[in-house]
Amino acid sequence: MNNRLFVKGNEAVAMGAIEAGCRYYFGYPITPQNDIPEYMSREMPKVGGFFLQAESEVAAINMVLGAGAAGGRVMTSSSGPGISLKAEGMSFMAGSEVPAVIVNMQRPGPGLGGIDASQADYFQAVKGAGHGGYRLIVLAPWSVQELYDLGMLAFDLADRYRTPVMILGDAMLGQMKEALIPHSYHRPADLPEKDWVVCGKGRRNHANVVKSLMLKDGELEAHNWHLHAKYDLIKQRETRCATDNLDGAELLVTAFGCAARIARTAIDMARGEGMKVGMIRPVTVFPFPSEVYLQATARTPKVLCIELNNGQMVEDVRLSVDRQADVRFYGRPGGTGSLPTPEELLEQIRKHYKD
Amino acid sequence: MKKIVIDEEFCKGCGLCAEACPKKLLSVGKKLNKQGYPLVEISDEDQDKCVSCALCARVCPDVAIRVYRQKKAQ
Amino acid sequence: MAVSVQPVFERPKVLKTTATHYCAGCHHGIVHRLVAEAIDHFGVQDRTIGIGSVGCSVLLYEYFDIDVVEAPHGRAPAVGTGVKRVHPDSVVFTYQGDGDLAAIGTAEIIHAANRGELMTVIFLNNTTYGMTGGQMAPTTLPGQVTTTSPYGRDVKVEGYPIRMAELIAMLGGTGFSARVAVDTPQRVLEAGKTIRKAFGMQIEKQGFAFVEVLGACPTNWGMSALEANARVSGEMMGYFPLGVYKDITVSA
């Protein structure tokens, strides 16, 4: 598998999922992620997998809950309003510790909003989306290759921690085509055995129950502390971040996903003009790479956070640096004609570099 | 022998069994179980009159009644 | 001639020896037993997976000694779909009340039936939301007083009770749809046969099987157990007639 392919982001994440052993997909059409269910409907039968177009996003996420509880590697995908509808199911899955992968190709809102690139659902994703104070692991790819790679990793993380994992893309990443080098999936040898799934009691001497209702004295509190400890472990082990040219930088530019792509071009232009600009790109936005920001701003106490929204990740950056740095923001909330150009971001870098 | 065995932890004294008994041998008594429900009763004398039809058990919402019958072996 | 003692009626094996949380005279317990007897009858405890719903029957896993997944409110047929696709040879049943199945979960039940999902759905219709305290349900009868229809259900405002067994019978994927009651010993026997049939159809892979059971809710109806039991035939059956509405295993 070393052929170089030219594929869409939406297809890449689906390809990665199937390579990683995903054999169940339940979804509902919504722009801009329709290539994912289309790809899955075409490819799943070829690998002995199963595709079902559900009657709604609500039904789809609950089919995912059922398949995940039954031990299958399972995925759904959606965007904007569809993710809102899936929030209840994600809360149940977090509470009952059911692993699954949810792809979110963001579009701008609120409401029906639009169908272009946006990062307006950062808050929704990193705060878990639904009720009850839980977290999702949230992976934020910035290229077609990374959609494929993280599409594989997501299933391992979900199984390792018995938790739903979100891949947070957007309309631009999903719709664009670029080179992809596929590779074989290697299952980590230390993934825990799924001895908790429902499959019929068989010869087990106890029944397996997958549930989130906890009514006994102290039961729910203990469960929430257990989940909290799990999220702490995820923070310790699974934080991922890409950085470059942090040493000697006068300004740190930070962005994730497609905003990071545009920022990348602008940073290169700025360096061409002699500016010392470092870059921090979180690959996981939950867990957030706080330590990277804390260390980098100890040397370079000025950060420009760029997002396709009115300022969401910037709050996590500020929390991370604990007032030791001057954190600035530039963003646009997305919508037709509202994608910033590299030149526009270069202008911002020039401005913040100087003062 | 006891043809009707009432599980006192399960019975909630709803009286549906008493209603269903064709011979009216069951009644809700005054004795309470741990949950505070009055228990259904049947006297030893009425145990003898019971025909083991099990209609009481079939309508019991709490599966609180077990029914037995004498079998004459050859 | 020796005399031995022979059991006539005993607790089904799959039902745990646990007292239920249901109110005195509530019909859920009878329906639980009938489901347990069906599982015992086919000897499929080791491959049965129950899907719990939200409402009084949410604690299903406390009473059945089988694997269980708890579904969000109304979503049991979707959760069951996911489970069944991963384990096609398992025996999957959902157990849902009227609020869960016929209000918030209408889309999920209709589409699971229409797809012909190989699962068994047990639907307990007691014309009220039991767990939350007796509010109006989609099956509340015209004029019936509940905690959210204190002047009686007004069909001009709140619409009509939904007849689910008939509705489900109209869908292409449905193999079996019936309505039963458990208010008399005879009807309990018939309900038991019907529930067994609905499990048998799944095991034989003959299509989606749906059983609506008319149940009493003495507490929320504000009645004694005997009065509530009498209301099932006295008031409910007129609007919700018992019968088999579809059975693809019987030729017309």
# chains A, B, ... in the order shown; residues from 1 in each chain; ligands from 1
>>> select_by_dssp(residues="chain B", states="alpha helix (DSSP H)", output="CSV table (one decimal) with C-alpha atoms, in the first residue's frame")
chain,number,residue,atom,x,y,z
B,16,LEU,CA,-55.5,-9.5,41.9
B,17,CYS,CA,-54.9,-13.2,42.8
B,18,ALA,CA,-57.8,-13.2,45.3
B,19,GLU,CA,-60.0,-11.8,42.5
B,20,ALA,CA,-58.8,-14.5,40.0
B,44,ASP,CA,-54.3,-24.5,55.8
B,45,GLU,CA,-57.9,-25.6,55.4
B,46,ASP,CA,-58.2,-23.7,52.1
B,47,GLN,CA,-54.9,-25.2,50.9
B,48,ASP,CA,-56.7,-28.5,50.9
B,49,LYS,CA,-59.6,-27.1,48.9
B,55,LEU,CA,-54.9,-18.7,37.9
B,56,CYS,CA,-53.8,-16.7,40.9
B,57,ALA,CA,-50.1,-17.1,39.9
B,58,ARG,CA,-50.9,-16.1,36.3
B,59,VAL,CA,-52.3,-12.8,37.3
>>> closest_atom_pairs(of="chain C", to="chain B", cutoff="10 Å", atoms="only C-alpha atoms", output="tab-separated table")
residue	atom	partner	partner_atom	distance
C:Met1	CA	B:Gln74	CA	6.0
C:Ala2	CA	B:Ala73	CA	5.5
C:Val3	CA	B:Lys72	CA	4.8
C:Ser4	CA	B:Lys71	CA	5.1
C:Val5	CA	B:Gln70	CA	4.8
C:Gln6	CA	B:Arg69	CA	5.3
C:Pro7	CA	B:Tyr68	CA	4.3
C:Val8	CA	B:Tyr68	CA	5.0
C:Phe9	CA	B:Val67	CA	4.9
C:Glu10	CA	B:Arg66	CA	5.2
C:Arg11	CA	B:Val63	CA	6.5
C:Pro12	CA	B:Val63	CA	9.0
C:Leu15	CA	B:Val63	CA	9.4
C:Thr17	CA	B:Phe10	CA	9.0
C:Thr18	CA	B:Phe10	CA	7.7
C:Ala19	CA	B:Phe10	CA	5.0
C:Thr20	CA	B:Asp62	CA	7.1
C:His21	CA	B:Asp62	CA	9.8
C:Tyr22	CA	B:Asp62	CA	8.5
C:Cys23	CA	B:Lys12	CA	7.9
C:Ala24	CA	B:Cys14	CA	5.1
C:Gly25	CA	B:Cys14	CA	5.0
C:Cys26	CA	B:Pro61	CA	6.5
C:His27	CA	B:Pro61	CA	5.7
C:His28	CA	B:Pro61	CA	6.9
C:Gly29	CA	B:Pro61	CA	4.3
C:Ile30	CA	B:Pro61	CA	4.5
C:Val31	CA	B:Pro61	CA	8.0
C:His32	CA	B:Pro61	CA	8.6
C:Arg33	CA	B:Val63	CA	7.3
C:Leu34	CA	B:Arg58	CA	9.4
C:Val182	CA	B:Val59	CA	7.3
C:Asp183	CA	B:Val59	CA	7.2
C:Thr184	CA	B:Val59	CA	6.7
C:Pro185	CA	B:Leu55	CA	5.5
C:Gln186	CA	B:Leu55	CA	8.4
C:Arg187	CA	B:Val59	CA	9.3
C:Val188	CA	B:Arg58	CA	6.6
C:Leu189	CA	B:Arg58	CA	7.7
C:Gly192	CA	B:Arg58	CA	9.9
C:Pro218	CA	B:Cys14	CA	9.8
C:Ser224	CA	B:Cys14	CA	8.0
C:Ala225	CA	B:Cys14	CA	5.6
C:Leu226	CA	B:Leu16	CA	6.4
C:Asn229	CA	B:Leu16	CA	8.1
>>> closest_residue(among="A:Ala325, A:Ala125, A:Leu213, A:Ala242", to="chain C", atoms="only C-alpha atoms")
A:Leu213
>>> closest_atom_pairs(of="chain C", to="chain A", cutoff="9 Å", atoms="only C-alpha atoms", output="JSON lines")
{"residue": "C:Val44", "atom": "CA", "partner": "A:Gly200", "partner_atom": "CA", "distance": 8.8}
{"residue": "C:Gln45", "atom": "CA", "partner": "A:Lys201", "partner_atom": "CA", "distance": 7.1}
{"residue": "C:Asp46", "atom": "CA", "partner": "A:Gly202", "partner_atom": "CA", "distance": 4.2}
{"residue": "C:Arg47", "atom": "CA", "partner": "A:Gly200", "partner_atom": "CA", "distance": 3.8}
{"residue": "C:Thr48", "atom": "CA", "partner": "A:Gly200", "partner_atom": "CA", "distance": 5.0}
{"residue": "C:Ile49", "atom": "CA", "partner": "A:Gly200", "partner_atom": "CA", "distance": 5.6}
{"residue": "C:Ile51", "atom": "CA", "partner": "A:Gly66", "partner_atom": "CA", "distance": 8.9}
{"residue": "C:Val58", "atom": "CA", "partner": "A:Leu213", "partner_atom": "CA", "distance": 8.7}
{"residue": "C:Leu59", "atom": "CA", "partner": "A:Leu213", "partner_atom": "CA", "distance": 8.9}
{"residue": "C:Tyr61", "atom": "CA", "partner": "A:Val209", "partner_atom": "CA", "distance": 6.9}
{"residue": "C:Phe64", "atom": "CA", "partner": "A:Ala207", "partner_atom": "CA", "distance": 9.0}
{"residue": "C:Asp65", "atom": "CA", "partner": "A:Ala207", "partner_atom": "CA", "distance": 6.1}
{"residue": "C:Ile66", "atom": "CA", "partner": "A:Ala207", "partner_atom": "CA", "distance": 5.2}
{"residue": "C:Asp67", "atom": "CA", "partner": "A:Asn208", "partner_atom": "CA", "distance": 4.7}
{"residue": "C:Val68", "atom": "CA", "partner": "A:Val209", "partner_atom": "CA", "distance": 4.7}
{"residue": "C:Val69", "atom": "CA", "partner": "A:Val210", "partner_atom": "CA", "distance": 4.7}
{"residue": "C:Glu70", "atom": "CA", "partner": "A:Lys211", "partner_atom": "CA", "distance": 5.0}
{"residue": "C:Ala71", "atom": "CA", "partner": "A:Asn62", "partner_atom": "CA", "distance": 7.6}
{"residue": "C:Pro72", "atom": "CA", "partner": "A:Phe92", "partner_atom": "CA", "distance": 7.0}
{"residue": "C:Arg75", "atom": "CA", "partner": "A:Asn62", "partner_atom": "CA", "distance": 6.5}
{"residue": "C:Ala76", "atom": "CA", "partner": "A:Asn62", "partner_atom": "CA", "distance": 8.0}
{"residue": "C:Pro77", "atom": "CA", "partner": "A:Met63", "partner_atom": "CA", "distance": 8.4}
{"residue": "C:Ala78", "atom": "CA", "partner": "A:Met63", "partner_atom": "CA", "distance": 4.9}
{"residue": "C:Val79", "atom": "CA", "partner": "A:Gly66", "partner_atom": "CA", "distance": 4.2}
{"residue": "C:Gly80", "atom": "CA", "partner": "A:Gly66", "partner_atom": "CA", "distance": 6.0}
{"residue": "C:Thr81", "atom": "CA", "partner": "A:Met63", "partner_atom": "CA", "distance": 5.9}
{"residue": "C:Gly82", "atom": "CA", "partner": "A:Ala67", "partner_atom": "CA", "distance": 4.2}
{"residue": "C:Val83", "atom": "CA", "partner": "A:Gly66", "partner_atom": "CA", "distance": 4.6}
{"residue": "C:Lys84", "atom": "CA", "partner": "A:Ala67", "partner_atom": "CA", "distance": 7.7}
{"residue": "C:Arg85", "atom": "CA", "partner": "A:Ala67", "partner_atom": "CA", "distance": 7.1}
{"residue": "C:Val86", "atom": "CA", "partner": "A:Ala67", "partner_atom": "CA", "distance": 5.9}
{"residue": "C:His87", "atom": "CA", "partner": "A:Cys199", "partner_atom": "CA", "distance": 6.7}
{"residue": "C:Ser90", "atom": "CA", "partner": "A:Gly200", "partner_atom": "CA", "distance": 6.7}
{"residue": "C:Val91", "atom": "CA", "partner": "A:Gly200", "partner_atom": "CA", "distance": 8.1}
{"residue": "C:Ala107", "atom": "CA", "partner": "A:Glu55", "partner_atom": "CA", "distance": 7.2}
{"residue": "C:Glu108", "atom": "CA", "partner": "A:Ala59", "partner_atom": "CA", "distance": 6.4}
{"residue": "C:His111", "atom": "CA", "partner": "A:Glu55", "partner_atom": "CA", "distance": 6.7}
>>> atom_distance(atom1="atom CA of His41 of chain C", atom2="atom CA of Phe93 of chain C")
15.2 Å
>>> residues_around(residues="Gly337 of chain A", least_positions_apart="4", cutoff="12 Å", atoms="only C-alpha atoms", output="list in words")
Gly114, Ile115, Asp116, Ala117, Ser118, Arg332, Pro333 and Thr341 of chain A
>>> residues_around(residues="segment 125-140 of chain C", least_positions_apart="3", cutoff="7 Å", atoms="only C-alpha atoms", output="PyMOL selection string")
chain C and resi 55-56+97-99+102-103+144+146-149+161-162+212-217+220
>>> closest_residue(among="A:Lys8, A:Lys302, A:Arg107, A:Arg237", to="Leu147 of chain A", atoms="only C-alpha atoms")
A:Lys8
>>> select_by_dssp(residues="segment 27-103 of chain A", states="strand (DSSP E or B)", output="list in words")
Gly27, Phe50, Phe51, Leu52, Gln53, Val74, Met75, Thr76, Ser77, Ser78, Ala100, Val101, Ile102 and Val103 of chain A
>>> decode(residues="segment 217-239 of chain C", atoms="N, CA and C atoms", output="mmCIF file, in the first residue's frame")
data_model
loop_
_atom_site.group_PDB
_atom_site.id
_atom_site.type_symbol
_atom_site.label_atom_id
_atom_site.label_comp_id
_atom_site.auth_asym_id
_atom_site.auth_seq_id
_atom_site.Cartn_x
_atom_site.Cartn_y
_atom_site.Cartn_z
ATOM 1 N N CYS C 217 -52.175 0.998 35.477
ATOM 2 C CA CYS C 217 -51.283 1.834 36.286
ATOM 3 C C CYS C 217 -52.103 2.398 37.447
ATOM 4 N N PRO C 218 -52.335 1.566 38.476
ATOM 5 C CA PRO C 218 -53.220 1.979 39.565
ATOM 6 C C PRO C 218 -52.805 3.305 40.202
ATOM 7 N N THR C 219 -51.518 3.473 40.440
ATOM 8 C CA THR C 219 -51.051 4.670 41.150
ATOM 9 C C THR C 219 -51.414 5.946 40.405
ATOM 10 N N ASN C 220 -51.049 5.987 39.125
ATOM 11 C CA ASN C 220 -51.273 7.231 38.387
ATOM 12 C C ASN C 220 -52.708 7.387 37.896
ATOM 13 N N TRP C 221 -53.443 6.307 37.881
ATOM 14 C CA TRP C 221 -54.868 6.429 37.554
ATOM 15 C C TRP C 221 -55.672 6.806 38.801
ATOM 16 N N GLY C 222 -55.010 6.771 39.968
ATOM 17 C CA GLY C 222 -55.706 7.087 41.212
ATOM 18 C C GLY C 222 -56.750 6.048 41.572
ATOM 19 N N MET C 223 -56.430 4.786 41.324
ATOM 20 C CA MET C 223 -57.382 3.696 41.550
ATOM 21 C C MET C 223 -56.744 2.610 42.398
ATOM 22 N N SER C 224 -57.571 1.759 42.968
ATOM 23 C CA SER C 224 -57.062 0.558 43.608
ATOM 24 C C SER C 224 -56.606 -0.398 42.509
ATOM 25 N N ALA C 225 -55.834 -1.404 42.909
ATOM 26 C CA ALA C 225 -55.359 -2.382 41.928
ATOM 27 C C ALA C 225 -56.533 -3.039 41.196
ATOM 28 N N LEU C 226 -57.601 -3.353 41.941
ATOM 29 C CA LEU C 226 -58.740 -4.038 41.319
ATOM 30 C C LEU C 226 -59.503 -3.106 40.379
ATOM 31 N N GLU C 227 -59.655 -1.843 40.803
ATOM 32 C CA GLU C 227 -60.336 -0.878 39.922
ATOM 33 C C GLU C 227 -59.535 -0.657 38.641
ATOM 34 N N ALA C 228 -58.234 -0.513 38.799
ATOM 35 C CA ALA C 228 -57.379 -0.285 37.628
ATOM 36 C C ALA C 228 -57.431 -1.492 36.696
ATOM 37 N N ASN C 229 -57.384 -2.675 37.282
ATOM 38 C CA ASN C 229 -57.464 -3.894 36.476
ATOM 39 C C ASN C 229 -58.772 -3.916 35.677
ATOM 40 N N ALA C 230 -59.851 -3.473 36.322
ATOM 41 C CA ALA C 230 -61.160 -3.479 35.662
ATOM 42 C C ALA C 230 -61.232 -2.422 34.561
ATOM 43 N N ARG C 231 -60.459 -1.342 34.705
ATOM 44 C CA ARG C 231 -60.502 -0.278 33.686
ATOM 45 C C ARG C 231 -59.942 -0.766 32.345
ATOM 46 N N VAL C 232 -59.052 -1.740 32.375
ATOM 47 C CA VAL C 232 -58.428 -2.204 31.137
ATOM 48 C C VAL C 232 -59.496 -2.693 30.150
ATOM 49 N N SER C 233 -60.415 -3.529 30.646
ATOM 50 C CA SER C 233 -61.477 -3.976 29.736
ATOM 51 C C SER C 233 -62.615 -2.964 29.679
ATOM 52 N N GLY C 234 -62.861 -2.287 30.802
ATOM 53 C CA GLY C 234 -63.996 -1.381 30.858
ATOM 54 C C GLY C 234 -63.849 -0.145 29.990
ATOM 55 N N GLU C 235 -62.628 0.426 29.950
ATOM 56 C CA GLU C 235 -62.442 1.672 29.196
ATOM 57 C C GLU C 235 -61.458 1.557 28.040
ATOM 58 N N MET C 236 -60.382 0.786 28.239
ATOM 59 C CA MET C 236 -59.315 0.798 27.226
ATOM 60 C C MET C 236 -59.644 -0.028 25.988
ATOM 61 N N MET C 237 -60.254 -1.197 26.188
ATOM 62 C CA MET C 237 -60.422 -2.110 25.041
ATOM 63 C C MET C 237 -61.369 -1.573 23.986
ATOM 64 N N GLY C 238 -62.266 -0.675 24.381
ATOM 65 C CA GLY C 238 -63.161 -0.061 23.398
ATOM 66 C C GLY C 238 -62.379 0.750 22.382
ATOM 67 N N TYR C 239 -61.367 1.429 22.871
ATOM 68 C CA TYR C 239 -60.563 2.256 21.963
ATOM 69 C C TYR C 239 -59.406 1.465 21.369
#
